[in-house]
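> First the structure, then my questions, so here it is.
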Amino acid sequence: MAGNKGYAKNVEQIGYHDLGGKPAFQMAMQQVGGKYYLYTASYKASGWSILDVTEPSKPRHVRFLDGPDIPDQGTPKIQVADGLMIAAMSGFGPLKYAKGIYIFDVREDPENPKFLSYWSSGDDGFGVHRFFYSGGRYVHLSATCKGFSSMIYRIVDISDPKNPIEAGRWWLPEQWEAGGGVNASHAGLHGPPYVQGNLAYLSYSGAGLVILDISDIATPKLVGNLRHHPPFAGGFCGAWCHTIVPLSKRPFAVMTSEGERFPLFTKEMIKGQPQPMALFGMVDVSDPANPTLISTFPYPEVPPGFPYKNFNDCGIGCPGPFGPHNLHEPHGHPALEDRNDRIYCCYFHAGLRIYDIGDQFIPREIAYFIPPNPTKWLFGKPMDPKNLRFSLFDQPPGPMIATTEDVLVDNRGNIFMDAFHDGIYVLRCTV
């Protein structure tokens with residue numbers, strides 16, 4: 001099939017590491033003295049990779065830290081702050097997965113995390129997906145919970161990291177099963193709950209953007225809500241509202257709905273059904289009670305010589321669920337870049353996209369990087385094309401095309417990007 005050997009505009013690759021064939025998902029970083037450490041959650045394996053990226057052109061693989069030895073145990077997300085490494089634990093199916101968060105000490109020895117405790121979500125659901133931790137007392141989770149449909153907002157107090165306890169929670173009425181909730185709008189906190197001061201910005205899938213007052217951690221209160229479905233999102237896409245990133249110094253937030261990984265689909269699975277447009281927009285949050293969509297980001301530029309005319313019909317043989325994925329999230333972390341005029345987005349098979357948002361009404365793409373296509377799948381058994389509830393541990397049935405996942409930018413301007421079936425790319429934007 002047609003392929004690509006990589007495309008770049010205003011981006012240079014300065015380093016790479018293959019992670020020993022264990023693809024990363026979310027990444028976190030801490031700066032210890034003069035050293036920079038990158039910690040990655042894993043897609044394929046149960047556990048976490050640690051790299052010394054002090055010299056970004058030569059990442060040093062320190063170790064892979066094994067998670068629970070349970071088939072298909074999920075360890076998808078990670079945050080590091082205040083000398084603590086917090087890891088999300090999740091799983092589908094009947095096995096007794098670890099579901100909740102693991103807490104490690106990485107202050108004493110950043111290369112050898114010391115396990116401190118496990119907080120369990122206490123239910124038979126998915127566990128924890130995305131979460132926010134920028135240091136301090138509280139971890140803000142998107143997590144399943146007994147008696148509720150999909151994920152809700154749960155706040156865990158880790159003032160004693162060896163004895164974490166739940167301190168607060170919030171949900172939409174339609175999620176509460178005992179209260180008669182039906183959840184016809186597919187509401188559920190994809191997360192993370194992005195916290196600024198006493199406000200938490202929640203990417204709440206079918207319910208859109210939710211803004212809460214968390215001045216009282218035990219009883220968060222609804223402040224504002226911006227729903228965007230329909231017309232945005234739906235079909236075979238991922239989370240209908242995937243990410244909210246409020247800017248730290250300007251009264252705006254970036255809001256996305258998730259596309260999906262084209263390798264997970266075939267033409268037969270989609271059956272010619274049209275796929276709704278994903279939202280990637282700027283929201284005015286100067287009045288948290290009235291969040292307002294004010295602009296949308298441009299369609300990603302198709303590189304000269306790219307084997308497909310666009311990214312909607314890109315290897316499946318029919319239009320697929322195209323849209324953005326993860327953004328760089330500063331989280332107020334001292335090791336990370338926090339520019340209020342630039343957004344970094346891993347756009348699945350459209351690669352890394354970098355935008356100038358100096359004018360909030362006219363977001364402008366300034367650079368991109370699409371890595372080479374994989375030459376083999378790293379995952380295991382072939383996926384059943386009749387089963388749309390795919391597992392990320394299966395071998396995808398669709399096109400073997402590069403699929404970018406997550407991005408993190410350090411305070412030196414180094415861009416770390418990972419891919420669905422590849423390692424860590426280290427990049428620099430040249431504009």
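Residues in the structure tokens are numbered from 1 in each chain, the chains being A, B, ... in the order shown, and ligands are numbered from 1 in the order shown.
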Taking the DSSP secondary structure from the backbone, can you list the residues of region 82-218 of chain A that are strand (DSSP E), as a PyMOL selection string?
chain A and resi 84-89+100-105+114-120+128-132+138-143+152-157+165-170+194-196+199-203+209-213
> Do you know which residues are at most 8 Å from Leu38 (chain A) counting only C-alpha atoms, after dropping those on the same chain fewer than 5 positions away, and could you put them as a list in words?
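In the requested form, the answer reads Met27, Ala28, Met29, Gln30, Ile50, Leu51, Asp52 and Val53 of chain A.
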> Show me, as a ChimeraX atom specification, the residues that have an atom within 9 Å of Thr404 (chain A) when counting only C-alpha atoms, minus same-chain residues fewer than 5 positions from it.
/A:261,325-326,346-352,370-371,417-422
> Please write the residues from the selection above to a file, keeping N, CA and C atoms, as a tab-separated table (two decimals), in the first residue's frame.

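What follows is the written file out_24.tsv:
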```tsv
chain	number	residue	atom	x	y	z
A	261	ARG	N	-7.97	6.31	15.80
A	261	ARG	CA	-6.83	5.70	15.13
A	261	ARG	C	-7.32	4.92	13.92
A	325	HIS	N	-6.06	14.47	18.92
A	325	HIS	CA	-5.94	13.62	20.10
A	325	HIS	C	-5.38	14.46	21.24
A	326	ASN	N	-4.18	14.13	21.73
A	326	ASN	CA	-3.67	14.78	22.93
A	326	ASN	C	-2.97	16.10	22.67
A	346	CYS	N	-0.99	16.33	19.12
A	346	CYS	CA	-0.82	15.08	18.37
A	346	CYS	C	-2.15	14.76	17.72
A	347	TYR	N	-2.15	14.76	16.38
A	347	TYR	CA	-3.39	14.72	15.59
A	347	TYR	C	-3.55	13.35	14.95
A	348	PHE	N	-3.23	12.29	15.72
A	348	PHE	CA	-3.26	10.93	15.19
A	348	PHE	C	-2.44	10.84	13.90
A	349	HIS	N	-3.01	10.40	12.78
A	349	HIS	CA	-2.19	10.18	11.58
A	349	HIS	C	-1.87	11.47	10.81
A	350	ALA	N	-2.36	12.62	11.26
A	350	ALA	CA	-1.90	13.90	10.71
A	350	ALA	C	-0.63	14.37	11.43
A	351	GLY	N	-0.17	13.59	12.40
A	351	GLY	CA	1.10	13.88	13.07
A	351	GLY	C	0.99	14.98	14.12
A	352	LEU	N	2.14	15.43	14.56
A	352	LEU	CA	2.21	16.56	15.49
A	352	LEU	C	1.90	17.85	14.73
A	370	ILE	N	5.12	14.46	10.75
A	370	ILE	CA	4.47	13.16	10.62
A	370	ILE	C	5.58	12.12	10.57
A	371	PRO	N	5.63	11.21	11.53
A	371	PRO	CA	6.70	10.21	11.53
A	371	PRO	C	6.50	9.17	10.44
A	417	MET	N	7.49	13.40	21.56
A	417	MET	CA	6.27	12.91	20.93
A	417	MET	C	6.35	11.39	20.82
A	418	ASP	N	5.25	10.71	21.12
A	418	ASP	CA	5.25	9.26	20.94
A	418	ASP	C	4.16	8.86	19.95
A	419	ALA	N	4.25	7.60	19.52
A	419	ALA	CA	3.35	7.10	18.48
A	419	ALA	C	2.78	5.74	18.90
A	420	PHE	N	1.71	5.34	18.20
A	420	PHE	CA	0.94	4.14	18.54
A	420	PHE	C	1.80	2.88	18.50
A	421	HIS	N	2.69	2.77	17.50
A	421	HIS	CA	3.53	1.59	17.34
A	421	HIS	C	4.97	2.00	17.12
A	422	ASP	N	5.46	2.89	17.94
A	422	ASP	CA	6.80	3.41	17.72
A	422	ASP	C	7.32	3.91	19.07
```
> Report as a ChimeraX atom specification all protein, DNA and RNA residues lying within 8 Å of Met151 (chain A), evaluated on only C-alpha atoms, omitting residues in the same chain fewer than 2 positions from it.
/A:142-145,148-149,153,188-190
> Let's have the selection written as a PDB file, in the first residue's frame, with C-alpha atoms.

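Listed below is the output, selection_31.pdb:
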```pdb
ATOM      1  CA  SER A 142     -11.544  10.723  35.817  1.00  0.00           C
ATOM      2  CA  ALA A 143     -12.571   7.386  37.281  1.00  0.00           C
ATOM      3  CA  THR A 144     -15.349   4.851  37.297  1.00  0.00           C
ATOM      4  CA  CYS A 145     -17.367   4.473  40.483  1.00  0.00           C
ATOM      5  CA  PHE A 148     -22.523   5.443  38.225  1.00  0.00           C
ATOM      6  CA  SER A 149     -22.390   5.089  34.460  1.00  0.00           C
ATOM      7  CA  TYR A 153     -14.875  13.291  38.828  1.00  0.00           C
ATOM      8  CA  GLY A 188     -18.718  10.844  31.271  1.00  0.00           C
ATOM      9  CA  LEU A 189     -15.531  12.525  32.381  1.00  0.00           C
ATOM     10  CA  HIS A 190     -12.806  11.697  29.890  1.00  0.00           C
TER      11      HIS A 190
END
```
> I'd like the contact shell of Phe262 (chain A) - 8 Å cut-off, only C-alpha atoms, skipping same-chain residues fewer than 5 positions apart - returned as an NGL selection string.
:A and (314-316 or 320-322 or 349 or 398-399 or 401)
> Write out the residues from the selection above, keeping N, CA and C atoms, as a compact mmCIF listing (two decimals), in the first residue's frame.

```txt
# COMPACT_ATOMS: atom_id res chain seq x y z
N CYS A 314 -7.87 8.26 4.42
CA CYS A 314 -6.42 8.11 4.54
C CYS A 314 -6.08 6.66 4.85
N GLY A 315 -6.28 5.79 3.86
CA GLY A 315 -5.84 4.42 4.00
C GLY A 315 -6.93 3.41 4.28
N ILE A 316 -8.12 3.87 4.71
CA ILE A 316 -9.21 2.92 4.99
C ILE A 316 -9.97 2.57 3.72
N GLY A 320 -13.02 8.25 7.40
CA GLY A 320 -13.00 7.71 8.75
C GLY A 320 -13.20 8.79 9.80
N PRO A 321 -13.16 8.42 11.07
CA PRO A 321 -13.38 9.37 12.18
C PRO A 321 -12.12 10.19 12.46
N PHE A 322 -11.86 11.18 11.65
CA PHE A 322 -10.64 11.97 11.76
C PHE A 322 -10.80 13.10 12.77
N HIS A 349 -3.01 10.40 12.78
CA HIS A 349 -2.19 10.18 11.58
C HIS A 349 -1.87 11.47 10.81
N GLY A 398 -6.62 -2.48 10.31
CA GLY A 398 -6.66 -1.45 9.29
C GLY A 398 -5.31 -1.09 8.72
N PRO A 399 -5.22 0.09 8.08
CA PRO A 399 -4.00 0.49 7.38
C PRO A 399 -2.83 0.70 8.33
N ILE A 401 -0.45 2.83 9.12
CA ILE A 401 -0.03 4.21 8.96
C ILE A 401 0.42 4.78 10.30
```
> Tell me which protein, DNA and RNA residues are within 9 Å of Pro300 (chain A), counting only C-alpha atoms, leaving out same-chain ones fewer than 4 positions away, and put them as a PyMOL selection string.
chain A and resi 310-311+347+350+353+365+368
> Tell me, as a PDB file with C-alpha atoms, in the first residue's frame, which residues lie within 6 Å of Arg342 (chain A), counting only C-alpha atoms; anything in the same chain fewer than 5 positions away does not count.

```pdb
ATOM      1  CA  TYR A 355      -0.327  26.349  16.204  1.00  0.00           C
ATOM      2  CA  ASP A 356       0.117  30.046  16.882  1.00  0.00           C
ATOM      3  CA  ILE A 357      -2.812  31.253  19.008  1.00  0.00           C
TER       4      ILE A 357
END
```
> With only C-alpha atoms as the atoms that count, which of A:Asp124, A:Ser159, A:Phe297, A:Phe379 lies nearest to Gly147 (chain A)?
A:Asp124
> I'd like to know which of A:Ile415, A:Val195, A:Met255, A:Ile165 is closest to Leu209 (chain A), using only C-alpha atoms.
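Of A:Ile415, A:Val195, A:Met255, A:Ile165, the one nearest Leu209 (chain A), counting only C-alpha atoms, is A:Met255.
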> Counting only C-alpha atoms, figure out which residue out of A:Ile103, A:Ser203, A:Glu108, A:Leu212 gets nearest to Asn163 (chain A).
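Checking each candidate against Asn163 (chain A), we get A:Ile103 as the closest.
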> For Gly168 (chain A), which residue out of A:Gln395, A:Asp123, A:Val182, A:Lys221 is the nearest one, using only C-alpha atoms?
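Closest candidate: A:Lys221.
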